[in-house]
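S.K.: One structure is given below, represented as structure tokens, and several questions about it will come after.
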Amino acid sequence: MQIDLLFQIAGVGVLTTVVAAILQRAGRDELATLSTVAGLAIVLLMVISLLSELFTSVRSIFQLY
Amino acid sequence: MDVLRMAGMSMASAVAVILLRRMRPEMGLTAALAAGILLLTMAMPMVAQVIGGITSIAQTGGVKSSYLTQLLKVAGISLLMDFAAQTCRDAGEEGLAMKTELAGRVMLLTLALPAMQTLLTQLLSLAP
């Protein structure tokens with residue numbers, strides 16, 4: 001079902017790590033931390049969209065208004 | 001069948017989380033959270049069926065529906081609070097997890113208060 005979403009998140013995580021490692025190797029440490037933060041933000045946005053979907057379905061099932 | 005999908009997915013996400021946790025701890029946590037959310041969303045339709053069945057049985061059994069919605073609310077709150085507490089524990093924040101559980105218990109108590117009051121009044125009315 002949404003298993004690819006999970007692998008997208010893993011992909012973004014791996015990509016940000018690689019980019020941060022490359023930037024660190026190139027001597028730009030602040031850019032490396034920036035790219036890590038950016039990658040984390042993207043992943044968090046995906047997770048938040050999943051979370052809102054789960055919360056709406058839980059709210060409707062358990063009548064938690 | 002659904003169980004194969006769920007089992008396969010949880011194993012695949014465990015591998016993904018381990019990979020990410022070694023490289024980036026915070027990524028590992030978000031991946032674990034996403035996997036948990038996906039699993040719960042996959043389980044929700046079945047939970048809905050079970051709850052539908054229970055409510056129909058309770059209605060035929062004559063149980064007042066307000067008590068049933070109270071019960072469902074209690075189940076929902078404990079599910080969500082436990083999910084949040086386990087995520088905090090997964091992140092290593094034991095104190096935060098305990099506080100979330102405390103908040104959940106307080107919410108359950110406030111939910112159970114009216115039921116207790118009605119019970120008490122009925123009991124007192126029985127007494128001569």
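Residues are named by chain letter and number: chains run A, B, ... in the order of the structure tokens, numbers start at 1 in each chain, and ligands are numbered from 1 in the order shown.
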Using only C-alpha atoms, tabulate the residues of chain B lying at most 6 Å from any atom of chain A, each with its closest atom pair and that distance in Å to one decimal, by chain and increasing residue number, as a Markdown table.
M.R.:
```
| residue | atom | partner | partner_atom | distance |
| --- | --- | --- | --- | --- |
| B:Met27 | CA | A:Gly13 | CA | 6.0 |
| B:Ala34 | CA | A:Val47 | CA | 5.6 |
| B:Thr41 | CA | A:Leu54 | CA | 5.6 |
| B:Ala48 | CA | A:Ile61 | CA | 5.9 |
| B:Leu72 | CA | A:Phe62 | CA | 5.2 |
| B:Lys73 | CA | A:Leu64 | CA | 5.6 |
| B:Gly76 | CA | A:Phe62 | CA | 5.4 |
```
S.K.: Show which residues sit within 10 Å of Leu68 (chain B), as a ChimeraX atom specification. Count only C-alpha atoms, and ignore same-chain residues fewer than 5 positions away.
M.R.: /B:54-55,58-59,63,73-74
S.K.: I need the residues from that last selection saved to file as a PDB file, in the first residue's frame (with all heavy atoms), if you can.
M.R.:
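Contents of part-v6.pdb, freshly written:
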```
ATOM      1  N   ILE B  54     -18.901  -4.999  17.243  1.00  0.00           N
ATOM      2  CA  ILE B  54     -19.168  -4.909  18.688  1.00  0.00           C
ATOM      3  C   ILE B  54     -20.331  -3.980  18.950  1.00  0.00           C
ATOM      4  O   ILE B  54     -21.231  -4.271  19.748  1.00  0.00           O
ATOM      5  CB  ILE B  54     -17.888  -4.426  19.405  1.00  0.00           C
ATOM      6  CG1 ILE B  54     -16.822  -5.523  19.390  1.00  0.00           C
ATOM      7  CG2 ILE B  54     -18.184  -4.022  20.826  1.00  0.00           C
ATOM      8  CD1 ILE B  54     -15.505  -5.105  19.991  1.00  0.00           C
ATOM      9  N   THR B  55     -20.375  -2.838  18.243  1.00  0.00           N
ATOM     10  CA  THR B  55     -21.473  -1.906  18.518  1.00  0.00           C
ATOM     11  C   THR B  55     -22.797  -2.542  18.130  1.00  0.00           C
ATOM     12  O   THR B  55     -23.783  -2.441  18.876  1.00  0.00           O
ATOM     13  CB  THR B  55     -21.280  -0.623  17.692  1.00  0.00           C
ATOM     14  OG1 THR B  55     -20.704  -0.956  16.442  1.00  0.00           O
ATOM     15  CG2 THR B  55     -20.392   0.362  18.400  1.00  0.00           C
ATOM     16  N   ALA B  58     -23.722  -4.882  20.816  1.00  0.00           N
ATOM     17  CA  ALA B  58     -24.126  -4.184  22.050  1.00  0.00           C
ATOM     18  C   ALA B  58     -25.516  -3.603  21.872  1.00  0.00           C
ATOM     19  O   ALA B  58     -26.353  -3.658  22.777  1.00  0.00           O
ATOM     20  CB  ALA B  58     -23.122  -3.083  22.329  1.00  0.00           C
ATOM     21  N   GLN B  59     -25.803  -3.054  20.665  1.00  0.00           N
ATOM     22  CA  GLN B  59     -27.139  -2.473  20.489  1.00  0.00           C
ATOM     23  C   GLN B  59     -28.204  -3.556  20.658  1.00  0.00           C
ATOM     24  O   GLN B  59     -29.190  -3.370  21.376  1.00  0.00           O
ATOM     25  CB  GLN B  59     -27.266  -1.839  19.094  1.00  0.00           C
ATOM     26  CG  GLN B  59     -27.466  -0.324  19.155  1.00  0.00           C
ATOM     27  CD  GLN B  59     -26.252   0.398  18.586  1.00  0.00           C
ATOM     28  OE1 GLN B  59     -25.648  -0.117  17.646  1.00  0.00           O
ATOM     29  NE2 GLN B  59     -25.893   1.540  19.160  1.00  0.00           N
ATOM     30  N   VAL B  63     -27.367  -2.360  25.304  1.00  0.00           N
ATOM     31  CA  VAL B  63     -26.470  -1.460  26.033  1.00  0.00           C
ATOM     32  C   VAL B  63     -26.705  -0.049  25.504  1.00  0.00           C
ATOM     33  O   VAL B  63     -26.837   0.167  24.305  1.00  0.00           O
ATOM     34  CB  VAL B  63     -24.999  -1.879  25.791  1.00  0.00           C
ATOM     35  CG1 VAL B  63     -24.058  -0.902  26.459  1.00  0.00           C
ATOM     36  CG2 VAL B  63     -24.790  -3.278  26.279  1.00  0.00           C
ATOM     37  N   LYS B  73     -14.046   5.925  23.121  1.00  0.00           N
ATOM     38  CA  LYS B  73     -13.142   7.060  23.349  1.00  0.00           C
ATOM     39  C   LYS B  73     -11.976   6.621  24.203  1.00  0.00           C
ATOM     40  O   LYS B  73     -10.812   6.925  23.918  1.00  0.00           O
ATOM     41  CB  LYS B  73     -13.890   8.176  24.046  1.00  0.00           C
ATOM     42  CG  LYS B  73     -14.663   9.074  23.139  1.00  0.00           C
ATOM     43  CD  LYS B  73     -14.912  10.429  23.819  1.00  0.00           C
ATOM     44  CE  LYS B  73     -15.680  11.317  22.878  1.00  0.00           C
ATOM     45  NZ  LYS B  73     -17.007  11.640  23.369  1.00  0.00           N
ATOM     46  N   VAL B  74     -12.259   5.846  25.256  1.00  0.00           N
ATOM     47  CA  VAL B  74     -11.175   5.393  26.128  1.00  0.00           C
ATOM     48  C   VAL B  74     -10.175   4.589  25.318  1.00  0.00           C
ATOM     49  O   VAL B  74      -8.962   4.792  25.403  1.00  0.00           O
ATOM     50  CB  VAL B  74     -11.776   4.547  27.276  1.00  0.00           C
ATOM     51  CG1 VAL B  74     -10.714   3.748  27.978  1.00  0.00           C
ATOM     52  CG2 VAL B  74     -12.501   5.429  28.251  1.00  0.00           C
TER      53      VAL B  74
END
```
S.K.: Contacts between region 104-121 of chain B and region 20-99 of chain B, please, where a residue of region 20-99 of chain B counts if it comes within 8 Å (with only C-alpha atoms); show its shortest atom pair and distance in Å to one decimal, rows by chain and ascending number, as JSON lines.
M.R.:
```
{"residue": "B:Gln70", "atom": "CA", "partner": "B:Leu111", "partner_atom": "CA", "distance": 7.4}
{"residue": "B:Val74", "atom": "CA", "partner": "B:Leu108", "partner_atom": "CA", "distance": 6.2}
{"residue": "B:Ile77", "atom": "CA", "partner": "B:Gly104", "partner_atom": "CA", "distance": 6.9}
{"residue": "B:Ser78", "atom": "CA", "partner": "B:Gly104", "partner_atom": "CA", "distance": 6.6}
{"residue": "B:Met81", "atom": "CA", "partner": "B:Gly104", "partner_atom": "CA", "distance": 5.6}
```
S.K.: Would you put the residues from that selection into a file with N, CA, C and O atoms, as a short mmCIF file (atom, residue, chain, number, x, y, z; two decimals), in the first residue's frame?
M.R.:
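The new file again.cif reads:
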```
data_model
loop_
_atom_site.label_atom_id
_atom_site.label_comp_id
_atom_site.auth_asym_id
_atom_site.auth_seq_id
_atom_site.Cartn_x
_atom_site.Cartn_y
_atom_site.Cartn_z
N GLN B 70 -18.35 6.17 25.09
CA GLN B 70 -17.34 6.42 26.13
C GLN B 70 -16.24 5.37 26.03
O GLN B 70 -15.05 5.68 26.02
N VAL B 74 -12.26 5.85 25.26
CA VAL B 74 -11.17 5.39 26.13
C VAL B 74 -10.17 4.59 25.32
O VAL B 74 -8.96 4.79 25.40
N ILE B 77 -8.13 6.96 23.03
CA ILE B 77 -7.15 7.79 23.74
C ILE B 77 -5.98 6.95 24.18
O ILE B 77 -4.81 7.31 23.99
N SER B 78 -6.27 5.75 24.70
CA SER B 78 -5.13 4.95 25.18
C SER B 78 -4.28 4.51 24.01
O SER B 78 -3.04 4.48 24.10
N MET B 81 -2.19 7.64 23.00
CA MET B 81 -1.19 8.02 24.01
C MET B 81 -0.09 6.98 24.09
O MET B 81 1.08 7.30 24.22
#
```
S.K.: Have a look at CA of Asp82 (chain B) and CA of Ala97 (chain B) and let me know their distance in Å, one decimal.
M.R.: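 Rounded to one decimal, the two atoms are 8.8 Å apart.
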S.K.: What is the CA of Ser10 (chain B)-CA of Ser35 (chain A) distance in Å, reported with one decimal?
M.R.: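 Pair CA of Ser10 (chain B) / CA of Ser35 (chain A) returns 28.7 Å.
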S.K.: Name the closest residue to Val3 (chain B) among the candidates B:Met98, B:Ile57, B:Ala43, B:Ala35; distances are taken between atoms, counting only C-alpha atoms.
M.R.: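 Distance minimum relative to Val3 (chain B) lands on B:Ala43.
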S.K.: Taking into account only C-alpha atoms, which residue in the set B:Ala7, B:Thr30, B:Asp2, B:Ile18 is nearest to Ile42 (chain A)?
M.R.: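 Comparing B:Ala7, B:Thr30, B:Asp2, B:Ile18 against Ile42 (chain A), the winner is B:Thr30.
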S.K.: Name all residues at most 9 Å from Ala91 (chain B) (count only C-alpha atoms; drop same-chain ones fewer than 6 positions away) and give them as a list in words.
M.R.: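 Once the adjacent positions are removed, what remains is Pro25, Glu26 and Leu29 of chain B.
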S.K.: Restricting the output to N, CA, C and O atoms, write the selected residues as a PDB file, in the first residue's frame.
M.R.:
```pdb
ATOM      1  N   PRO B  25      20.925   9.224  13.548  1.00  0.00           N
ATOM      2  CA  PRO B  25      19.960   8.760  14.562  1.00  0.00           C
ATOM      3  C   PRO B  25      18.586   9.395  14.384  1.00  0.00           C
ATOM      4  O   PRO B  25      17.560   8.715  14.467  1.00  0.00           O
ATOM      5  N   GLU B  26      18.550  10.735  14.062  1.00  0.00           N
ATOM      6  CA  GLU B  26      17.213  11.349  13.988  1.00  0.00           C
ATOM      7  C   GLU B  26      16.447  10.813  12.787  1.00  0.00           C
ATOM      8  O   GLU B  26      15.239  10.594  12.835  1.00  0.00           O
ATOM      9  N   LEU B  29      14.848   7.615  13.730  1.00  0.00           N
ATOM     10  CA  LEU B  29      13.635   7.763  14.534  1.00  0.00           C
ATOM     11  C   LEU B  29      12.445   8.102  13.650  1.00  0.00           C
ATOM     12  O   LEU B  29      11.374   7.509  13.758  1.00  0.00           O
TER      13      LEU B  29
END
```
S.K.: Rank nothing, just name the residue among B:Ile51, B:Ala31, B:Met9, B:Arg24 nearest to Leu71 (chain B), using only C-alpha atoms.
M.R.: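 Checking each of B:Ile51, B:Ala31, B:Met9, B:Arg24 against Leu71 (chain B), counting only C-alpha atoms, the winner is B:Ile51.
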